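*Asks:* Before anything else, here's the structure in question.
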Amino acid sequence: MAQTHSFTNANQITDWTQEIMELDNQFGFIKSQGYFRTQPTSQTSITFDRTETDIKVLGQADRRHNEGVAGKDRVVKTFALALPYFKHFDNITVQDVQDQRRPGEADMAEALDRVRAEKLLDLRLNMDQTHEFLQFSALTGQTKDGDGNTIVDMYSEFGLNLANDYTVDLDTGNASVDLDKKIATVKRKLAGAGKGHRVSGIDFILDHALFDEIIANPKFRELYNMYVNSGVQRLRDDLSSYFDFGVVDFFEHRGVRFIAYNPSFDTVGGTQQVLGAGKGIAIPRNTDGLYRGYFGPANKLSLANQGGNEMFAFEYRAADDTQHRMEVESSPLYFATKPATIIHLT
């Protein structure tokens, strides 16, 4: 530890100890699970066809009349979605460096390279949180931004009734409810909607209050205690990994992962949660292409009509050398191709 003059008394010295970092939480569970298949696009909108088939079990035909069951044409519907755009910037001025002491050091002057690296990291972390929020909201079938504005509502796009057809009340407030039966209903409903996709696992992503109500059920309390106290190293490794990304609690039962994850994201206007209080979603996992992400082009002349990236970063030094500007921008669109496979839980 370095010794330096006390800030309150120049005739005294003090030990300069390690810096204390106060950093906002960095959530990333949804991105870590690889739910989304992403790809670049060179345009600021995408258009896709949705093809519907009518597959039936055939009845017998009469050989004598050489007749059979007539086939039906596939129904093709076309949809167009616009890509949102996000931009974040910061500036370094002479006043950020000149006469400034480097944080964590007793007597070392600030340096431009350190300030630049720190500000670039903060810009990147902010954009990472934006992508996590967008992906999480897309898993609900209704992609929204941090201000609560709807980017795309896939239930509305496909003419589906969310409240009536894709919501299940787990009735967790009833201590005698058969939760296993409720969960079986959700699984069967979800599997039946996964047309063209093999469902190999199901995740229940839950607000903390709903997770607590589930494990408070007498039967599930016993299952939860067995899980967290099992001593199986693989399960403990899973828990450790999930906690790193902001998951509060977790356990598995009958092929379902119960995940307590509904962080409060800091936004420009305050805080925002993706799930409502006491709410959750049931979604299939390990299903390639069920959730898509597209990255649009940068908003620069030299990059017009070129494929996008998850994020672009640019830096500019003022001609008079009084300012250094840094920008990050991104144009991501995340959405569910089959919102019927998303079951909302209460």
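Identifiers in the structure tokens: chain A, B, ... in order shown; residue index from 1 per chain; ligand index from 1 in order shown.
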Just the residues within 12 Å of Met127 of chain A, please, counting only C-alpha atoms, with nothing from its chain fewer than 6 positions along; format it as an MDAnalysis selection string.
*Replies:* chainID A and resid 26:28 85:89 120:121 133:134 146 267 310:313 327:332
*Asks:* Please identify all polymer residues within 6 Å of segment 61-76 of chain A, counting only C-alpha atoms, omitting same-chain residues fewer than 6 positions from it, and present them as a list of chain:residue names.
*Replies:*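 The neighbour list is A:Arg50, A:Thr51, A:Glu52, A:Thr53.
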*Asks:* Those selected residues, please, written with all heavy atoms and delivered as a CSV table (one decimal), in the first residue's frame.
*Replies:*
chain,number,residue,atom,x,y,z
A,50,ARG,N,-44.5,-17.0,-44.5
A,50,ARG,CA,-45.0,-18.0,-43.5
A,50,ARG,C,-45.8,-19.0,-44.2
A,50,ARG,O,-46.9,-18.7,-44.7
A,50,ARG,CB,-45.7,-17.4,-42.4
A,50,ARG,CG,-46.3,-18.3,-41.3
A,50,ARG,CD,-46.9,-17.6,-40.2
A,50,ARG,NE,-47.4,-18.4,-39.1
A,50,ARG,CZ,-48.7,-18.5,-38.8
A,50,ARG,NH1,-49.6,-17.7,-39.4
A,50,ARG,NH2,-49.1,-19.3,-37.8
A,51,THR,N,-45.3,-20.2,-44.3
A,51,THR,CA,-46.0,-21.3,-45.1
A,51,THR,C,-46.8,-22.2,-44.1
A,51,THR,O,-46.2,-22.7,-43.2
A,51,THR,CB,-45.0,-22.1,-45.9
A,51,THR,OG1,-44.3,-21.2,-46.8
A,51,THR,CG2,-45.8,-23.1,-46.8
A,52,GLU,N,-48.1,-22.4,-44.4
A,52,GLU,CA,-48.9,-23.2,-43.6
A,52,GLU,C,-49.3,-24.5,-44.4
A,52,GLU,O,-49.7,-24.4,-45.6
A,52,GLU,CB,-50.2,-22.5,-43.2
A,52,GLU,CG,-49.9,-21.2,-42.4
A,52,GLU,CD,-51.2,-20.4,-42.1
A,52,GLU,OE1,-52.3,-20.9,-42.5
A,52,GLU,OE2,-51.1,-19.3,-41.5
A,53,THR,N,-49.2,-25.6,-43.8
A,53,THR,CA,-49.6,-26.9,-44.4
A,53,THR,C,-50.8,-27.5,-43.6
A,53,THR,O,-51.0,-27.2,-42.5
A,53,THR,CB,-48.4,-27.9,-44.4
A,53,THR,OG1,-48.0,-28.1,-43.0
A,53,THR,CG2,-47.2,-27.3,-45.2
*Asks:* Write out as number ranges by chain each polymer residue whose atoms come within 9 Å of Val97 of chain A, counting only C-alpha atoms; drop sequence neighbours fewer than 5 positions from it.
*Replies:* A: 92, 102, 109-112, 115
*Asks:* Go through A:His344, A:Lys31, A:His324, A:Lys187 one by one, measure the shortest atom-to-atom distance of each to Asp113 of chain A using only C-alpha atoms, and give the residue with the smallest value.
*Replies:* A:His324
*Asks:* So which residues touch Val168 of chain A within 9 Å, counting only C-alpha atoms, skipping near sequence neighbours fewer than 6 positions away, as a PyMOL selection string?
*Replies:* chain A and resi 182+185-186+343-346
*Asks:* Please report as a Markdown table every residue of segment 32-107 of chain A lying within 7 Å of segment 290-309 of chain A, along with the nearest atom pair and their distance in Å (one decimal), using only C-alpha atoms.
*Replies:*
| residue | atom | partner | partner_atom | distance |
| --- | --- | --- | --- | --- |
| A:Tyr35 | CA | A:Tyr291 | CA | 6.4 |
| A:Phe36 | CA | A:Tyr291 | CA | 4.8 |
| A:Arg37 | CA | A:Arg292 | CA | 5.0 |
| A:Thr38 | CA | A:Gly293 | CA | 4.3 |
| A:Gln39 | CA | A:Tyr294 | CA | 5.2 |
| A:Pro40 | CA | A:Phe295 | CA | 4.7 |
| A:Thr41 | CA | A:Gly307 | CA | 4.9 |
| A:Ser42 | CA | A:Gly307 | CA | 4.2 |
| A:Gln43 | CA | A:Gly296 | CA | 6.0 |
| A:Thr44 | CA | A:Gly296 | CA | 5.7 |
| A:Leu83 | CA | A:Gly296 | CA | 6.9 |
*Asks:* Print the selection's residues with N, CA and C atoms to a file, as a PDB file, in the first residue's frame.
*Replies:*
ATOM      1  N   TYR A  35     -30.577 -19.122 -27.260  1.00  0.00           N
ATOM      2  CA  TYR A  35     -31.929 -19.358 -27.775  1.00  0.00           C
ATOM      3  C   TYR A  35     -32.067 -18.888 -29.229  1.00  0.00           C
ATOM      4  N   PHE A  36     -31.351 -17.818 -29.576  1.00  0.00           N
ATOM      5  CA  PHE A  36     -31.578 -17.152 -30.857  1.00  0.00           C
ATOM      6  C   PHE A  36     -30.555 -17.568 -31.911  1.00  0.00           C
ATOM      7  N   ARG A  37     -31.054 -17.796 -33.112  1.00  0.00           N
ATOM      8  CA  ARG A  37     -30.193 -17.981 -34.274  1.00  0.00           C
ATOM      9  C   ARG A  37     -30.099 -16.622 -34.970  1.00  0.00           C
ATOM     10  N   THR A  38     -28.901 -16.074 -35.027  1.00  0.00           N
ATOM     11  CA  THR A  38     -28.729 -14.713 -35.544  1.00  0.00           C
ATOM     12  C   THR A  38     -27.986 -14.721 -36.869  1.00  0.00           C
ATOM     13  N   GLN A  39     -28.225 -13.682 -37.649  1.00  0.00           N
ATOM     14  CA  GLN A  39     -27.528 -13.515 -38.929  1.00  0.00           C
ATOM     15  C   GLN A  39     -27.579 -12.047 -39.338  1.00  0.00           C
ATOM     16  N   PRO A  40     -26.629 -11.610 -40.164  1.00  0.00           N
ATOM     17  CA  PRO A  40     -26.625 -10.218 -40.617  1.00  0.00           C
ATOM     18  C   PRO A  40     -27.605  -9.993 -41.760  1.00  0.00           C
ATOM     19  N   THR A  41     -28.031  -8.758 -41.902  1.00  0.00           N
ATOM     20  CA  THR A  41     -28.796  -8.326 -43.064  1.00  0.00           C
ATOM     21  C   THR A  41     -28.246  -6.983 -43.513  1.00  0.00           C
ATOM     22  N   SER A  42     -28.303  -6.720 -44.804  1.00  0.00           N
ATOM     23  CA  SER A  42     -27.755  -5.474 -45.339  1.00  0.00           C
ATOM     24  C   SER A  42     -28.803  -4.372 -45.436  1.00  0.00           C
ATOM     25  N   GLN A  43     -30.034  -4.663 -44.986  1.00  0.00           N
ATOM     26  CA  GLN A  43     -31.108  -3.689 -45.096  1.00  0.00           C
ATOM     27  C   GLN A  43     -31.687  -3.388 -43.713  1.00  0.00           C
ATOM     28  N   THR A  44     -32.538  -2.351 -43.645  1.00  0.00           N
ATOM     29  CA  THR A  44     -33.109  -1.931 -42.371  1.00  0.00           C
ATOM     30  C   THR A  44     -34.484  -2.542 -42.123  1.00  0.00           C
ATOM     31  N   LEU A  83     -36.299  -3.058 -38.597  1.00  0.00           N
ATOM     32  CA  LEU A  83     -35.269  -3.229 -37.573  1.00  0.00           C
ATOM     33  C   LEU A  83     -35.139  -1.949 -36.758  1.00  0.00           C
TER      34      LEU A  83
END
*Asks:* Just checking: using only C-alpha atoms, which residue out of A:Phe245, A:Tyr166, A:Phe136, A:Phe204 ends up closest to Phe258 of chain A?
*Replies:* A:Phe204
*Asks:* Could you give me, as a ChimeraX atom specification, each residue of segment 32-266 of chain A that DSSP assigns to helix (DSSP H, G or I) when run on this structure's backbone?
*Replies:* /A:32,63-65,94-96,112-138,154-157,162-165,179-193,208-216,218-228,233-244
*Asks:* Just the residues within 12 Å of Ile183 of chain A, please, counting only C-alpha atoms, with nothing from its chain fewer than 3 positions along; format it as a PyMOL selection string.
*Replies:* chain A and resi 168-172+177-180+186-190+202-204+214+220+253-258+281-282+343+345
*Asks:* Can you write just those residues out, N, CA and C atoms, as an mmCIF file, in the first residue's frame?
*Replies:*
data_model
loop_
_atom_site.group_PDB
_atom_site.id
_atom_site.type_symbol
_atom_site.label_atom_id
_atom_site.label_comp_id
_atom_site.auth_asym_id
_atom_site.auth_seq_id
_atom_site.Cartn_x
_atom_site.Cartn_y
_atom_site.Cartn_z
ATOM 1 N N VAL A 168 -51.690 -19.850 -19.062
ATOM 2 C CA VAL A 168 -52.104 -20.888 -18.118
ATOM 3 C C VAL A 168 -51.936 -20.355 -16.699
ATOM 4 N N ASP A 169 -53.005 -20.465 -15.911
ATOM 5 C CA ASP A 169 -52.957 -20.082 -14.500
ATOM 6 C C ASP A 169 -52.517 -21.300 -13.695
ATOM 7 N N LEU A 170 -51.347 -21.218 -13.066
ATOM 8 C CA LEU A 170 -50.841 -22.341 -12.274
ATOM 9 C C LEU A 170 -51.549 -22.470 -10.927
ATOM 10 N N ASP A 171 -52.338 -21.473 -10.561
ATOM 11 C CA ASP A 171 -53.107 -21.524 -9.317
ATOM 12 C C ASP A 171 -52.203 -21.802 -8.121
ATOM 13 N N THR A 172 -51.044 -21.149 -8.088
ATOM 14 C CA THR A 172 -50.077 -21.420 -7.021
ATOM 15 C C THR A 172 -50.548 -20.921 -5.660
ATOM 16 N N VAL A 177 -53.377 -27.397 -4.839
ATOM 17 C CA VAL A 177 -53.386 -27.567 -6.288
ATOM 18 C C VAL A 177 -52.412 -28.670 -6.702
ATOM 19 N N ASP A 178 -52.768 -29.422 -7.724
ATOM 20 C CA ASP A 178 -51.889 -30.452 -8.280
ATOM 21 C C ASP A 178 -50.977 -29.771 -9.307
ATOM 22 N N LEU A 179 -49.841 -29.273 -8.823
ATOM 23 C CA LEU A 179 -48.945 -28.522 -9.715
ATOM 24 C C LEU A 179 -48.382 -29.407 -10.812
ATOM 25 N N ASP A 180 -48.135 -30.672 -10.525
ATOM 26 C CA ASP A 180 -47.642 -31.568 -11.564
ATOM 27 C C ASP A 180 -48.622 -31.640 -12.729
ATOM 28 N N VAL A 186 -49.187 -27.487 -19.371
ATOM 29 C CA VAL A 186 -48.343 -26.528 -20.088
ATOM 30 C C VAL A 186 -47.457 -27.249 -21.101
ATOM 31 N N LYS A 187 -46.843 -28.348 -20.687
ATOM 32 C CA LYS A 187 -45.946 -29.092 -21.574
ATOM 33 C C LYS A 187 -46.686 -29.609 -22.805
ATOM 34 N N ARG A 188 -47.873 -30.148 -22.610
ATOM 35 C CA ARG A 188 -48.635 -30.692 -23.735
ATOM 36 C C ARG A 188 -49.115 -29.586 -24.667
ATOM 37 N N LYS A 189 -49.495 -28.472 -24.070
ATOM 38 C CA LYS A 189 -49.942 -27.325 -24.877
ATOM 39 C C LYS A 189 -48.792 -26.802 -25.728
ATOM 40 N N LEU A 190 -47.623 -26.722 -25.120
ATOM 41 C CA LEU A 190 -46.449 -26.208 -25.816
ATOM 42 C C LEU A 190 -45.993 -27.173 -26.911
ATOM 43 N N ILE A 202 -37.895 -27.951 -21.908
ATOM 44 C CA ILE A 202 -38.760 -26.803 -21.644
ATOM 45 C C ILE A 202 -38.178 -25.999 -20.491
ATOM 46 N N ASP A 203 -38.193 -24.680 -20.640
ATOM 47 C CA ASP A 203 -37.761 -23.777 -19.586
ATOM 48 C C ASP A 203 -38.953 -22.979 -19.081
ATOM 49 N N PHE A 204 -39.118 -22.928 -17.774
ATOM 50 C CA PHE A 204 -40.044 -22.010 -17.137
ATOM 51 C C PHE A 204 -39.202 -20.854 -16.604
ATOM 52 N N ILE A 214 -44.222 -21.437 -6.378
ATOM 53 C CA ILE A 214 -44.127 -22.822 -6.860
ATOM 54 C C ILE A 214 -43.411 -23.687 -5.834
ATOM 55 N N PHE A 220 -43.652 -29.598 -4.096
ATOM 56 C CA PHE A 220 -42.509 -29.006 -4.780
ATOM 57 C C PHE A 220 -41.453 -28.519 -3.802
ATOM 58 N N HIS A 253 -37.199 -30.435 -12.790
ATOM 59 C CA HIS A 253 -38.180 -31.459 -12.438
ATOM 60 C C HIS A 253 -38.941 -31.861 -13.700
ATOM 61 N N ARG A 254 -38.971 -33.158 -13.962
ATOM 62 C CA ARG A 254 -39.726 -33.728 -15.079
ATOM 63 C C ARG A 254 -39.399 -33.048 -16.413
ATOM 64 N N GLY A 255 -38.119 -32.834 -16.654
ATOM 65 C CA GLY A 255 -37.686 -32.258 -17.921
ATOM 66 C C GLY A 255 -37.865 -30.763 -18.038
ATOM 67 N N VAL A 256 -38.281 -30.120 -16.960
ATOM 68 C CA VAL A 256 -38.496 -28.678 -16.969
ATOM 69 C C VAL A 256 -37.438 -28.017 -16.098
ATOM 70 N N ARG A 257 -36.826 -26.960 -16.605
ATOM 71 C CA ARG A 257 -35.931 -26.139 -15.804
ATOM 72 C C ARG A 257 -36.728 -24.944 -15.266
ATOM 73 N N PHE A 258 -36.815 -24.836 -13.951
ATOM 74 C CA PHE A 258 -37.492 -23.716 -13.301
ATOM 75 C C PHE A 258 -36.426 -22.676 -12.960
ATOM 76 N N ILE A 281 -42.974 -17.307 -18.218
ATOM 77 C CA ILE A 281 -43.185 -17.864 -19.549
ATOM 78 C C ILE A 281 -42.628 -19.280 -19.586
ATOM 79 N N ALA A 282 -43.275 -20.132 -20.352
ATOM 80 C CA ALA A 282 -42.779 -21.480 -20.621
ATOM 81 C C ALA A 282 -42.405 -21.535 -22.092
ATOM 82 N N ILE A 343 -45.892 -20.105 -23.775
ATOM 83 C CA ILE A 343 -47.046 -20.142 -22.878
ATOM 84 C C ILE A 343 -46.789 -19.199 -21.715
ATOM 85 N N LEU A 345 -47.437 -17.701 -18.067
ATOM 86 C CA LEU A 345 -47.807 -18.320 -16.799
ATOM 87 C C LEU A 345 -48.190 -17.254 -15.782
#
*Asks:* Between atom CA of Asn262 of chain A and atom CA of Leu206 of chain A, what is the distance, to one decimal in Å?
*Replies:*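 According to the coordinates, atom CA of Asn262 of chain A and atom CA of Leu206 of chain A are separated by 6.8 Å.
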*Asks:* Just want the 7 Å neighbourhood of Pro339 of chain A, counted on only C-alpha atoms, with same-chain residues fewer than 4 positions away dropped. Output as a list in words.
*Replies:* Gly141, Met154 and Tyr155 of chain A
*Asks:* Can you work out which one of A:Ala191, A:Ala260, A:Ala318, A:Ala175 has the shortest atom-to-atom distance to Pro218 of chain A, counting only C-alpha atoms?
*Replies:* A:Ala175
